[in-house]
Structure formats: structure tokens, C-alpha cells
file upload.csv (CSV, C-alpha atoms)
chain,number,residue,atom,x,y,z
B,786,MET,CA,0.0,0.0,0.0
B,787,ILE,CA,2.8,2.4,-0.9
B,788,SER,CA,2.0,5.4,-3.2
B,789,VAL,CA,4.4,8.0,-4.5
B,790,SER,CA,3.7,11.6,-5.4
B,791,VAL,CA,6.0,13.9,-7.4
B,792,GLY,CA,6.3,17.7,-6.8
B,793,SER,CA,8.7,20.6,-6.9
B,794,SER,CA,8.9,21.1,-3.1
B,795,HIS,CA,6.9,20.3,0.0
B,796,PRO,CA,7.3,23.0,2.6
B,797,ASP,CA,4.3,21.7,4.5
B,798,LEU,CA,6.0,18.4,5.2
B,799,ILE,CA,7.9,19.5,8.3
B,800,ASP,CA,5.8,17.4,10.8
B,801,GLN,CA,5.8,14.3,8.6
B,802,TRP,CA,9.6,14.8,8.0
B,803,ASP,CA,10.3,15.0,11.7
B,804,ASP,CA,8.3,11.8,12.2
B,805,LEU,CA,10.1,10.0,9.3
B,806,ILE,CA,13.6,10.8,10.5
B,807,GLY,CA,12.6,9.5,14.0
B,808,ARG,CA,12.3,6.1,12.3
B,809,ALA,CA,14.8,6.4,9.4
B,810,PRO,CA,18.4,7.5,8.9
B,811,GLY,CA,18.1,11.2,7.9
B,812,ASN,CA,19.7,13.3,5.2
B,813,VAL,CA,19.8,17.0,6.1
B,814,PHE,CA,20.2,18.1,2.5
B,815,MET,CA,16.7,16.8,1.7
B,816,HIS,CA,15.1,18.7,4.6
B,817,PRO,CA,11.9,20.3,3.3
B,818,VAL,CA,13.1,23.9,4.1
B,819,ALA,CA,16.3,23.2,2.2
B,820,LEU,CA,14.4,22.1,-0.9
B,821,ARG,CA,12.0,25.0,-0.6
B,822,ALA,CA,15.0,27.4,-0.6
B,823,ALA,CA,16.5,25.8,-3.8
B,824,VAL,CA,13.1,25.9,-5.6
B,825,GLU,CA,12.0,29.4,-4.6
B,826,LEU,CA,15.4,31.0,-5.5
B,827,GLY,CA,15.5,29.0,-8.7
B,828,PHE,CA,18.9,27.5,-7.6
B,829,ALA,CA,18.0,24.0,-8.8
B,830,ASP,CA,15.2,22.3,-10.8
B,831,VAL,CA,14.1,20.0,-8.0
B,832,ARG,CA,11.7,17.1,-8.2
B,833,VAL,CA,10.6,15.7,-4.8
B,834,LEU,CA,9.3,12.1,-4.6
B,835,THR,CA,7.3,11.4,-1.4
B,836,ALA,CA,6.3,7.8,-0.5
B,837,TRP,CA,3.2,7.2,1.6
B,838,ASP,CA,1.9,4.3,3.6
B,839,ASP,CA,-1.8,4.5,2.5
B,840,ALA,CA,-2.8,1.7,4.9
B,841,ALA,CA,-1.9,3.9,8.0
B,842,VAL,CA,-4.5,6.2,9.5
B,843,PRO,CA,-3.7,9.0,8.9
B,844,ARG,CA,-1.4,8.0,6.0
B,845,ARG,CA,2.2,8.1,6.9
B,846,LEU,CA,5.3,9.4,5.1
B,847,VAL,CA,7.7,6.5,4.6
B,848,GLY,CA,10.1,7.9,2.1
B,849,LEU,CA,11.4,11.1,0.6
B,850,TRP,CA,13.8,11.5,-2.3
B,851,ALA,CA,14.7,14.8,-3.8
B,852,LEU,CA,16.2,14.8,-7.3
B,853,ARG,CA,17.6,17.5,-9.5
B,854,MET,CA,16.9,17.8,-13.2
B,855,VAL,CA,20.2,18.1,-15.0
B,856,ARG,CA,20.3,19.3,-18.7
B,857,ARG,CA,23.6,19.2,-20.5
B,858,ARG,CA,22.9,19.8,-24.2
B,859,PRO,CA,23.3,18.1,-26.5
B,860,LEU,CA,23.2,15.1,-24.1
B,861,PRO,CA,19.8,13.9,-22.9
B,862,PRO,CA,18.6,15.1,-19.5
B,863,ILE,CA,19.2,13.0,-16.4
B,864,LEU,CA,18.2,13.1,-12.7
B,865,SER,CA,20.9,13.9,-10.1
B,866,ALA,CA,20.4,12.4,-6.6
B,867,ALA,CA,22.2,15.4,-5.2
B,868,PRO,CA,19.2,17.8,-5.2
B,869,TYR,CA,21.4,21.0,-5.5
B,870,TYR,CA,25.0,22.0,-5.6
B,871,TYR,CA,26.3,22.2,-2.0
B,872,ALA,CA,24.4,19.0,-1.1
B,873,PHE,CA,26.9,16.2,-0.1
B,874,VAL,CA,24.5,13.3,0.6
B,875,CYS,CA,22.2,11.9,-2.1
B,876,VAL,CA,20.6,8.8,-0.6
B,877,PRO,CA,16.9,8.8,-0.2
B,878,VAL,CA,15.4,8.9,3.3
B,879,ILE,CA,13.4,5.6,3.7
B,880,ASP,CA,11.7,3.9,6.6
B,881,PRO,CA,13.8,0.7,7.1
B,882,SER,CA,10.7,-1.3,7.8
B,883,VAL,CA,9.4,-0.9,4.2
B,884,ALA,CA,12.7,-0.1,2.5
B,885,THR,CA,12.5,-2.3,-0.6
B,886,GLU,CA,8.8,-1.5,-1.1
B,887,VAL,CA,9.5,2.2,-1.1
B,888,ALA,CA,12.6,1.9,-3.3
B,889,ALA,CA,10.6,-0.1,-5.9
B,890,ALA,CA,7.8,2.5,-5.7
B,891,PHE,CA,10.3,5.3,-6.3
B,892,LEU,CA,11.8,3.7,-9.4
B,893,LYS,CA,8.4,2.9,-10.8
B,894,ALA,CA,7.2,6.5,-10.2
B,895,ILE,CA,10.3,7.8,-12.1
B,896,ARG,CA,9.8,5.4,-14.9
B,897,SER,CA,6.1,6.1,-15.2
B,898,ASP,CA,6.3,9.9,-15.2
B,899,PRO,CA,6.8,11.2,-18.8
B,900,ALA,CA,8.3,14.5,-17.4
B,901,LEU,CA,11.1,12.7,-15.6
B,902,PRO,CA,14.3,11.2,-17.3
B,903,ASP,CA,14.8,7.5,-16.6
B,904,VAL,CA,18.5,7.8,-15.6
B,905,VAL,CA,19.6,8.7,-12.1
B,906,ALA,CA,23.1,9.7,-11.2
B,907,LEU,CA,24.2,9.0,-7.6
B,908,ALA,CA,27.5,10.7,-7.1
B,909,GLU,CA,29.5,9.9,-3.9
B,910,THR,CA,26.6,7.9,-2.5
B,911,ASP,CA,26.9,6.1,0.8
B,912,VAL,CA,26.6,2.4,-0.3
B,913,SER,CA,26.1,1.3,3.3
B,914,ALA,CA,23.0,3.4,3.7
B,915,VAL,CA,19.5,1.9,4.0
B,916,GLY,CA,18.2,3.9,1.1
B,917,TYR,CA,21.0,2.9,-1.3
B,918,ARG,CA,20.9,-0.8,-0.3
B,919,ALA,CA,17.2,-0.8,-1.0
B,920,LEU,CA,17.6,0.8,-4.4
B,921,ALA,CA,20.4,-1.7,-5.3
B,922,GLU,CA,18.4,-4.6,-4.2
B,923,VAL,CA,15.4,-3.6,-6.3
B,924,ALA,CA,17.6,-2.8,-9.3
B,925,GLY,CA,19.1,-6.3,-9.1
B,926,ARG,CA,15.8,-8.0,-8.6
B,927,ASP,CA,13.9,-6.2,-11.3
B,928,GLY,CA,16.7,-5.9,-13.9
B,929,HIS,CA,17.4,-2.2,-13.8
B,930,PRO,CA,20.9,-1.3,-15.1
B,931,LEU,CA,23.1,-0.2,-12.3
B,932,VAL,CA,26.8,0.5,-12.8
B,933,THR,CA,29.4,1.6,-10.3
B,934,VAL,CA,32.0,3.9,-11.9
B,935,LYS,CA,34.2,4.7,-9.0
B,936,THR,CA,34.5,3.9,-5.3
B,937,SER,CA,35.9,6.1,-2.5
B,938,ALA,CA,35.4,6.8,1.2
B,939,ARG,CA,34.5,9.7,3.4
B,940,PRO,CA,35.8,10.4,6.9
B,941,VAL,CA,33.3,10.0,9.7
B,942,ALA,CA,33.5,9.9,13.5
B,943,SER,CA,31.4,8.3,16.2
B,944,ARG,CA,31.8,7.3,19.8
B,945,GLN,CA,32.5,3.7,18.8
B,946,ALA,CA,35.1,4.5,16.1
B,947,GLY,CA,36.7,7.2,14.2
B,948,VAL,CA,38.3,9.5,16.7
B,949,LYS,CA,42.0,9.2,17.2
B,950,ALA,CA,42.6,9.2,20.9
B,951,SER,CA,46.3,8.9,20.8
B,952,GLY,CA,49.3,9.0,18.5
B,953,ALA,CA,51.1,11.8,16.6
B,954,THR,CA,48.0,13.5,15.5
B,955,ARG,CA,46.6,13.8,19.0
B,956,LYS,CA,49.9,15.0,20.3
B,957,LYS,CA,50.1,17.7,17.7
B,958,LEU,CA,46.5,18.8,18.4
B,959,ARG,CA,47.4,19.3,22.1
B,960,GLN,CA,50.6,21.2,21.2
B,961,ASP,CA,48.8,23.5,18.7
B,962,TRP,CA,46.0,24.2,21.3
B,963,ASN,CA,48.6,25.1,24.0
B,964,ARG,CA,50.5,27.3,21.6
B,965,LEU,CA,47.3,29.1,20.5
B,966,SER,CA,46.2,29.5,24.1
B,967,ALA,CA,49.5,31.1,24.9
B,968,GLN,CA,48.6,33.9,22.5
B,969,GLY,CA,45.4,34.8,24.4
B,970,GLN,CA,42.0,33.4,25.5
B,971,ALA,CA,40.9,30.7,23.0
B,972,GLU,CA,37.4,29.5,23.1
B,973,LEU,CA,34.6,28.1,21.0
B,974,VAL,CA,31.4,30.1,20.6
B,975,SER,CA,28.3,28.3,19.2
B,976,HIS,CA,25.6,30.3,17.3
B,977,GLU,CA,22.3,28.6,17.0
B,978,THR,CA,19.4,31.1,16.6
B,979,PRO,CA,18.6,32.3,13.0
B,980,GLU,CA,19.8,35.8,13.8
B,981,ALA,CA,23.1,34.6,15.4
B,982,VAL,CA,23.7,32.1,12.6
B,983,ALA,CA,23.2,34.7,9.9
B,984,ALA,CA,25.8,37.0,11.5
B,985,ALA,CA,28.3,34.1,12.1
B,986,LEU,CA,27.7,32.9,8.6
B,987,GLU,CA,29.0,36.2,7.2
B,988,VAL,CA,32.1,35.7,9.3
B,989,PHE,CA,32.6,32.3,7.6
B,990,LEU,CA,31.9,33.7,4.1
B,991,ALA,CA,34.4,36.5,4.5
B,992,MET,CA,37.1,34.1,5.8
B,993,GLU,CA,36.5,31.7,3.0
B,994,ARG,CA,36.8,34.5,0.4
B,995,ALA,CA,40.1,35.7,2.0
B,996,SER,CA,41.4,32.1,1.8
B,997,TRP,CA,43.0,30.1,-1.0
B,998,LYS,CA,39.4,29.4,-2.2
B,999,GLY,CA,39.0,33.1,-2.9
B,1000,ALA,CA,42.3,33.2,-4.8
B,1001,ARG,CA,41.2,30.1,-6.8
B,1002,GLY,CA,37.8,31.4,-7.5
B,1003,THR,CA,35.9,28.7,-5.7
B,1004,ALA,CA,34.7,30.6,-2.6
B,1005,ILE,CA,30.9,30.9,-2.2
B,1006,LEU,CA,31.0,34.7,-2.5
B,1007,ARG,CA,32.4,34.4,-6.0
B,1008,SER,CA,28.8,34.1,-7.2
B,1009,ASP,CA,25.9,36.3,-6.0
B,1010,ARG,CA,23.6,33.5,-6.9
B,1011,ASP,CA,25.5,30.9,-4.8
B,1012,ALA,CA,25.8,33.4,-1.9
B,1013,ALA,CA,22.1,34.2,-1.9
B,1014,PHE,CA,21.2,30.5,-1.8
B,1015,VAL,CA,23.7,29.6,0.9
B,1016,ARG,CA,22.5,32.4,3.1
B,1017,ARG,CA,18.9,31.3,2.7
B,1018,LEU,CA,19.7,27.7,3.1
B,1019,ILE,CA,21.7,28.0,6.3
B,1020,VAL,CA,19.4,30.5,8.0
B,1021,ASP,CA,16.2,28.6,7.1
B,1022,LEU,CA,17.8,25.3,8.4
B,1023,ALA,CA,18.8,27.2,11.6
B,1024,ALA,CA,15.2,28.3,12.1
B,1025,ALA,CA,14.2,24.6,11.8
B,1026,GLY,CA,16.9,23.6,14.4
B,1027,ALA,CA,19.0,22.0,11.7
B,1028,ALA,CA,22.0,24.4,11.4
B,1029,SER,CA,24.5,26.2,13.6
B,1030,VAL,CA,27.8,28.0,13.2
B,1031,VAL,CA,30.7,27.5,15.7
B,1032,LEU,CA,33.5,30.1,15.8
B,1033,LEU,CA,36.9,29.6,17.3
B,1034,THR,CA,37.9,33.0,18.8
B,1035,LEU,CA,41.1,34.4,20.2
B,1036,ASP,CA,40.5,37.2,22.6
B,1037,GLY,CA,37.1,37.6,21.0
B,1038,ARG,CA,38.4,37.7,17.4
B,1039,ALA,CA,37.1,34.9,15.2
B,1040,ILE,CA,40.0,32.9,13.6
B,1041,ALA,CA,38.1,29.9,12.4
B,1042,ALA,CA,34.4,29.1,11.5
B,1043,GLN,CA,32.6,25.8,11.1
B,1044,VAL,CA,29.1,25.6,9.6
B,1045,LEU,CA,27.3,22.6,11.1
B,1046,LEU,CA,24.1,20.9,9.8
B,1047,HIS,CA,22.0,18.6,12.0
B,1048,CYS,CA,19.6,15.8,11.2
B,1049,GLY,CA,18.5,13.1,13.5
B,1050,GLY,CA,21.6,11.7,15.2
B,1051,THR,CA,24.0,13.0,12.7
B,1052,VAL,CA,26.0,16.3,12.6
B,1053,TYR,CA,27.5,17.3,9.2
B,1054,THR,CA,30.7,19.4,9.3
B,1055,TRP,CA,29.5,21.1,6.1
B,1056,LYS,CA,31.9,24.0,5.5
B,1057,MET,CA,34.9,25.4,7.4
B,1058,ALA,CA,37.2,28.4,6.9
B,1059,PHE,CA,40.0,30.0,9.0
B,1060,ASP,CA,42.1,33.1,9.2
B,1061,ALA,CA,45.4,32.4,7.3
B,1062,ALA,CA,47.2,34.7,9.7
B,1063,PHE,CA,46.9,32.0,12.3
B,1064,ALA,CA,47.6,29.0,10.0
B,1065,LYS,CA,50.6,27.9,12.0
B,1066,PHE,CA,48.3,27.0,14.9
B,1067,SER,CA,46.0,24.9,12.6
B,1068,PRO,CA,42.9,26.7,13.9
B,1069,GLY,CA,40.5,24.8,11.5
B,1070,VAL,CA,41.7,21.4,12.7
B,1071,LEU,CA,41.5,22.5,16.3
B,1072,LEU,CA,38.0,23.8,15.8
B,1073,VAL,CA,36.8,20.5,14.2
B,1074,ASP,CA,38.5,18.4,16.9
B,1075,ARG,CA,36.9,20.4,19.8
B,1076,ILE,CA,33.5,20.2,18.0
B,1077,THR,CA,33.9,16.5,17.6
B,1078,GLY,CA,34.5,15.9,21.3
B,1079,THR,CA,31.5,18.2,22.3
B,1080,CYS,CA,29.1,16.5,19.9
B,1081,LEU,CA,30.0,13.0,21.0
B,1082,GLU,CA,29.7,14.0,24.7
B,1083,GLN,CA,26.2,15.3,23.9
B,1084,GLY,CA,25.2,11.9,22.5
B,1085,ILE,CA,25.5,12.6,18.8
B,1086,ALA,CA,25.7,9.2,17.0
B,1087,GLU,CA,27.9,10.3,14.1
B,1088,LEU,CA,29.7,13.2,12.5
B,1089,ASN,CA,29.8,13.2,8.7
B,1090,SER,CA,32.7,15.2,7.3
B,1091,CYS,CA,31.1,16.0,3.9
B,1092,SER,CA,34.7,15.8,2.7
B,1093,VAL,CA,37.0,13.7,0.6
B,1094,GLU,CA,39.2,11.1,2.2
B,1095,ASP,CA,42.5,12.8,1.5
B,1096,GLY,CA,41.5,16.1,3.1
B,1097,PHE,CA,42.5,17.2,6.6
B,1098,MET,CA,39.4,15.5,8.1
B,1099,GLY,CA,40.9,12.2,7.1
B,1100,ARG,CA,43.8,12.9,9.3
B,1101,VAL,CA,41.7,13.8,12.3
B,1102,TRP,CA,39.1,11.0,12.0
B,1103,SER,CA,39.9,7.4,11.3
B,1104,GLY,CA,36.3,6.2,10.6
B,1105,ARG,CA,35.3,5.8,6.9
B,1106,GLU,CA,32.0,5.7,5.1
B,1107,PRO,CA,32.1,3.8,1.8
B,1108,LEU,CA,31.1,5.8,-1.2
B,1109,ALA,CA,30.5,5.0,-4.8
B,1110,ASP,CA,29.6,6.9,-8.0
B,1111,VAL,CA,26.7,5.0,-9.4
B,1112,LEU,CA,24.5,5.3,-12.5
B,1113,LEU,CA,21.0,3.8,-12.4
B,1114,ASP,CA,18.5,3.4,-15.2
B,1115,THR,CA,14.9,2.9,-14.1
B,1116,GLY,CA,14.1,1.1,-17.3
B,1117,PRO,CA,14.6,-2.6,-18.1
B,1118,ARG,CA,17.8,-2.0,-20.2
B,1119,ARG,CA,20.5,0.6,-20.8
B,1120,SER,CA,18.9,3.5,-22.6
B,1121,ALA,CA,20.8,5.9,-24.9
B,1122,ALA,CA,20.8,8.5,-22.1
B,1123,PHE,CA,22.4,5.9,-19.8
B,1124,VAL,CA,25.1,4.9,-22.2
B,1125,LEU,CA,26.0,8.5,-23.0
B,1126,GLU,CA,26.1,9.6,-19.4
B,1127,LEU,CA,28.2,6.6,-18.5
B,1128,ALA,CA,30.7,7.5,-21.2
B,1129,ARG,CA,30.8,11.1,-19.9
B,1130,TRP,CA,31.5,9.9,-16.3
B,1131,ARG,CA,34.3,7.6,-17.4
B,1132,ALA,CA,35.8,10.4,-19.5
B,1133,TYR,CA,35.6,12.7,-16.5
B,1134,GLU,CA,37.4,10.2,-14.3
B,1135,ARG,CA,40.2,9.8,-16.9
B,1136,LEU,CA,40.6,13.6,-17.0
B,1137,ARG,CA,40.9,13.7,-13.2
B,1138,GLU,CA,43.5,11.0,-13.3
B,1139,TRP,CA,45.4,13.0,-15.9
B,1140,ARG,CA,45.1,16.2,-13.8
B,1141,ASN,CA,46.4,14.4,-10.7
B,1142,ALA,CA,49.3,13.0,-12.6
B,1143,LEU,CA,50.3,16.5,-13.7
B,1144,ARG,CA,50.0,17.8,-10.2
B,1145,ALA,CA,52.2,15.0,-8.9
B,1146,ARG,CA,54.9,16.1,-11.3
B,1147,GLY,CA,54.5,19.7,-10.0
B,1148,TRP,CA,53.0,21.1,-13.1
B,1149,LEU,CA,50.5,24.0,-12.8
B,1150,LEU,CA,47.1,23.9,-14.3
B,1151,PRO,CA,44.9,26.8,-15.4
B,1152,ASN,CA,42.3,28.0,-12.8
B,1153,GLY,CA,39.5,27.2,-15.2
B,1154,LEU,CA,40.4,23.5,-15.4
B,1155,ARG,CA,41.0,23.3,-11.7
B,1156,GLY,CA,37.6,24.8,-10.9
B,1157,ALA,CA,35.8,22.7,-13.5
B,1158,LEU,CA,37.2,19.5,-11.9
B,1159,SER,CA,36.4,20.6,-8.4
B,1160,ARG,CA,32.6,20.7,-9.0
B,1161,LYS,CA,30.4,17.7,-8.6
B,1162,LYS,CA,29.1,15.6,-11.4
call {"tool": "encode", "arguments": {"input": "upload.csv", "output": "C-alpha cells"}}
result
Amino acid sequence: MISVSVGSSHPDLIDQWDDLIGRAPGNVFMHPVALRAAVELGFADVRVLTAWDDAAVPRRLVGLWALRMVRRRPLPPILSAAPYYYAFVCVPVIDPSVATEVAAAFLKAIRSDPALPDVVALAETDVSAVGYRALAEVAGRDGHPLVTVKTSARPVASRQAGVKASGATRKKLRQDWNRLSAQGQAELVSHETPEAVAAALEVFLAMERASWKGARGTAILRSDRDAAFVRRLIVDLAAAGAASVVLLTLDGRAIAAQVLLHCGGTVYTWKMAFDAAFAKFSPGVLLVDRITGTCLEQGIAELNSCSVEDGFMGRVWSGREPLADVLLDTGPRRSAAFVLELARWRAYERLREWRNALRARGWLLPNGLRGALSRKK
């Protein structure tokens, strides 16, 4: 008794969403207020699939999957499971008790809707997640083409595993904190109300623009469109209790900023920036390390880095979440769109390998190519 509806956004789903993530692993990037921000600002062409248990009284939300329409002419359109740029988790939110039923209903709804492409791209998807496992099971059972193009991992931390309690990294963190504290009063200040988050977010944005990201042209403030969306996204999430900003201050001066997103038992270390004048103290690493300890003490189940494995988060956290770039066709065979998109993905990976080989030799690349390869599929 599972039915699926398709719409652009569902801002009226807050109560049902809260009930769903009380039963299912959440995904903050598919929070209804985040999707509303993307749609109302025209930042992404979002399609929201909601799955309902029609046998329940009242009927109950048992799944939500937000997909972005991607058009790359002359290639056929596809659906991206990252609902907008700046979203780092693309698995659907599905009630585990009916996971395969919901996954099958999602794929059928996509296939049956003439306005939706049949091909779904799941870049850097958590293959251990309930939502992905259900999709893969249904694809295998019903014969939907599913190809893994690349595997990787993402640093995570939990009370059970992932935090380095000893060793050289821990020793350096203690030394850096002591050296920083010798310069003045170092403390963490958490901002949680929408007004406080808005002000602290501006501190983060300014720091990021002043960093290497600004020099490379990848800072959020490089684009008025991106900046407007991020401001709306983070403040709206803060109003829903799903975002905060933590500043590391020295004698009241902010020297590092971490934007956190919250969903269920997970905290996402979404974006971080620091003042380069204090780089020798590793303020960003110190900030993340202190936040990690606080979150775990407060009972948070997991921290998700939203980061690549070879970033600094991988040196601080030893836990890993398995990821894969996966292409899925909701039809019974590989469509032309699937074949073309698969070829594009494989060409993209070869280009990245070429770029990395050049970097390893110390060669410099133009900013345009660097920026193009830094953005998601």
C-alpha cells in the first residue's frame, strides 16, 4: 500500500519529515526547508518524490527522495540524486521497515512519469545506507541497469570508532592548542538562533573569500547566486533547528568558523574556513577536533565530514564511510541516455587522473580546469 507523489517542493511536510527521521536515517540536504530554498530561489530544478503508507491512518510518510533535473545539451537530461549544488549526501530517506517497497515505488514512479528522465546519477553515495541498499536490491531484482563507476570513502566519526585518541595527530593537536592559548584566550562560541547564525555565517563567508578558495575562484562569495542560496539555506535550516555556526575565537576575534548541519543523530561538518594569519596553529583542525568531542559527549551518533578522504578531516578522523559513483536506469535496459552519461562519467574520471598525474609532477594547471574538476558531477 505504498503510493508516490511527485512535486517541486513540499514545505508543508515538516511534521511528517520529523516523524520520518525519527524512524529512518536522515539526510539534512533533503530537509523540506532546504528544498524550498532551492526551488524558490531558482537555484535548482528539484523534483521531490514522497512515498506514503496509505494503509496507515492517517497516512504516513515512509520515504522522501529529492532529485535535480540536469540538462547538458546536446546530451539527454538526467536526474541527479544530489538535489542541489552544496548537497553532499544523495541517498533517499526511507523507513527501514518498508525499504524495498519504497525503493521499488520510487523507481516505478520515475519510470512512469513522462516528465522525468529515466537515468539517475548517484555521485558519492553512501553504499552502506539503508536507502541505497534498497535501491540496489530492487535494481538487481527487477533488472534495472546499475553501474558503479568509482569507489571512494568519506571520513566519519562516532563514539565507537573514528576519533584518534592517541598518537602523533593527538599530540600535535594538544601542542597546537597550547601554543594558541599562549597567544590569548581561545574559546569556542556556538551560534544557533537564526539571527546569530546569519551573523556568524557572514564571518565564515568572509574568511572563505580571503582564503585560497577566494584566490582560486571557488569561494561561495564568488557568485551572487550561490551566496544568496547559501544564506537562505543555512538560516532557514537554523530556524528549523538544523544548522548552527561555531566560531573559534582568540581574545574575541574569530580565527576559524565551522558551519554545522544537523539531522537526527548526525552532525555534518558542512563547510569550514580559517584566518590564514593563524595558519601555524591549525585553527580549523583545532575547531573541528573540539566540536567532535563536544558532539560525542552530547550523544550525537555520528559526525559526517562532507569531505574527501585525503582532506585534513581524514587525518583527524579514522572512521570511513564507503562511497560510490553509481549510475542507475529505471528502465529494463540501458537507454541511450544511460550509455551517453556513463561515457561522460568515465571520460571525466580519466581527465581527473590526468590532472592528478600532472599535479604529482609539480605542473600547474589553469584555474578554469582546476575549478571545473572541483565541482560535482
call {"tool": "residues_around", "arguments": {"input": "upload.csv", "residues": "Asp898 of chain B", "least_positions_apart": "4", "cutoff": "12 Å", "atoms": "only C-alpha atoms", "output": "list in words"}}
result
Val789, Ser790, Val791, Gly792, Arg832, Leu834, Phe891, Leu892, Lys893, Ala894, Pro902, Asp903, Thr1115 and Gly1116 of chain B
call {"tool": "closest_residue", "arguments": {"input": "upload.csv", "among": "B:Gly1037, B:Gly969, B:Gly925, B:Pro930", "to": "Thr885 of chain B", "atoms": "only C-alpha atoms"}}
result
B:Gly925
call {"tool": "residues_around", "arguments": {"input": "upload.csv", "residues": "Asn1089 of chain B", "least_positions_apart": "2", "cutoff": "8 Å", "atoms": "all atoms listed in the file", "output": "PDB file with C-alpha atoms, in the coordinates of the input"}}
result
ATOM      1  CA  ARG B 939      34.500   9.700   3.400  1.00  0.00           C
ATOM      2  CA  PRO B 940      35.800  10.400   6.900  1.00  0.00           C
ATOM      3  CA  VAL B 941      33.300  10.000   9.700  1.00  0.00           C
ATOM      4  CA  ALA B 942      33.500   9.900  13.500  1.00  0.00           C
ATOM      5  CA  THR B1051      24.000  13.000  12.700  1.00  0.00           C
ATOM      6  CA  VAL B1052      26.000  16.300  12.600  1.00  0.00           C
ATOM      7  CA  TYR B1053      27.500  17.300   9.200  1.00  0.00           C
ATOM      8  CA  THR B1054      30.700  19.400   9.300  1.00  0.00           C
ATOM      9  CA  GLU B1087      27.900  10.300  14.100  1.00  0.00           C
ATOM     10  CA  CYS B1091      31.100  16.000   3.900  1.00  0.00           C
TER      11      CYS B1091
END
call {"tool": "residues_near_point", "arguments": {"input": "upload.csv", "point": "(42.7, 13.6, 13.7)", "cutoff": "6 Å", "atoms": "all atoms listed in the file", "output": "MDAnalysis selection string"}}
result
chainID B and resid 949 954 1100:1102
call {"tool": "write_last_selection", "arguments": {"input": "upload.csv", "atoms": "C-alpha atoms", "output": "mmCIF file, keeping the file's coordinate frame"}}
result
data_model
loop_
_atom_site.group_PDB
_atom_site.id
_atom_site.type_symbol
_atom_site.label_atom_id
_atom_site.label_comp_id
_atom_site.auth_asym_id
_atom_site.auth_seq_id
_atom_site.Cartn_x
_atom_site.Cartn_y
_atom_site.Cartn_z
ATOM 1 C CA LYS B 949 42.000 9.200 17.200
ATOM 2 C CA THR B 954 48.000 13.500 15.500
ATOM 3 C CA ARG B 1100 43.800 12.900 9.300
ATOM 4 C CA VAL B 1101 41.700 13.800 12.300
ATOM 5 C CA TRP B 1102 39.100 11.000 12.000
#
call {"tool": "residues_around", "arguments": {"input": "upload.csv", "residues": "Val878 of chain B", "least_positions_apart": "4", "cutoff": "8 Å", "atoms": "only C-alpha atoms", "output": "mmCIF file with C-alpha atoms, in the frame of the given file"}}
result
data_model
loop_
_atom_site.group_PDB
_atom_site.id
_atom_site.type_symbol
_atom_site.label_atom_id
_atom_site.label_comp_id
_atom_site.auth_asym_id
_atom_site.auth_seq_id
_atom_site.Cartn_x
_atom_site.Cartn_y
_atom_site.Cartn_z
ATOM 1 C CA ILE B 806 13.600 10.800 10.500
ATOM 2 C CA ALA B 809 14.800 6.400 9.400
ATOM 3 C CA PRO B 810 18.400 7.500 8.900
ATOM 4 C CA GLY B 811 18.100 11.200 7.900
ATOM 5 C CA ASN B 812 19.700 13.300 5.200
ATOM 6 C CA GLY B 848 10.100 7.900 2.100
ATOM 7 C CA LEU B 849 11.400 11.100 0.600
ATOM 8 C CA TRP B 850 13.800 11.500 -2.300
ATOM 9 C CA GLY B 916 18.200 3.900 1.100
#
call {"tool": "closest_residue", "arguments": {"input": "upload.csv", "among": "B:Leu1046, B:Ala1121, B:Val923, B:Ala1041", "to": "Val1070 of chain B", "atoms": "all atoms listed in the file"}}
result
B:Ala1041
call {"tool": "closest_residue", "arguments": {"input": "upload.csv", "among": "B:Ala984, B:Ala888, B:Ala1025, B:Arg1075", "to": "Ile799 of chain B", "atoms": "all atoms listed in the file"}}
result
B:Ala1025
call {"tool": "closest_residue", "arguments": {"input": "upload.csv", "among": "B:Val988, B:Val1093, B:Ala867, B:Met786", "to": "Ala841 of chain B", "atoms": "all atoms listed in the file"}}
result
B:Met786
call {"tool": "closest_residue", "arguments": {"input": "upload.csv", "among": "B:Asp803, B:Asp1095, B:Asp1074, B:Glu993", "to": "Trp962 of chain B", "atoms": "all atoms listed in the file"}}
result
B:Asp1074
call {"tool": "closest_residue", "arguments": {"input": "upload.csv", "among": "B:Arg1140, B:Ala1024, B:Ala995, B:Gly1002", "to": "Pro979 of chain B", "atoms": "all atoms listed in the file"}}
result
B:Ala1024
call {"tool": "residues_near_point", "arguments": {"input": "upload.csv", "point": "(52.2, 27.4, 14.0)", "cutoff": "9 Å", "atoms": "all atoms listed in the file", "output": "VMD selection string"}}
result
chain B and resid 961 964 to 965 1063 to 1067
call {"tool": "residues_around", "arguments": {"input": "upload.csv", "residues": "Leu1127 of chain B", "least_positions_apart": "6", "cutoff": "10 Å", "atoms": "only C-alpha atoms", "output": "VMD selection string"}}
result
chain B and resid 906 932 to 934 1111 to 1113 1121 1133
call {"tool": "atom_distance", "arguments": {"input": "upload.csv", "atom1": "atom CA of Leu958 of chain B", "atom2": "atom CA of Trp997 of chain B"}}
result
22.7 Å
call {"tool": "atom_distance", "arguments": {"input": "upload.csv", "atom1": "atom CA of Val855 of chain B", "atom2": "atom CA of Ile895 of chain B"}}
result
14.6 Å
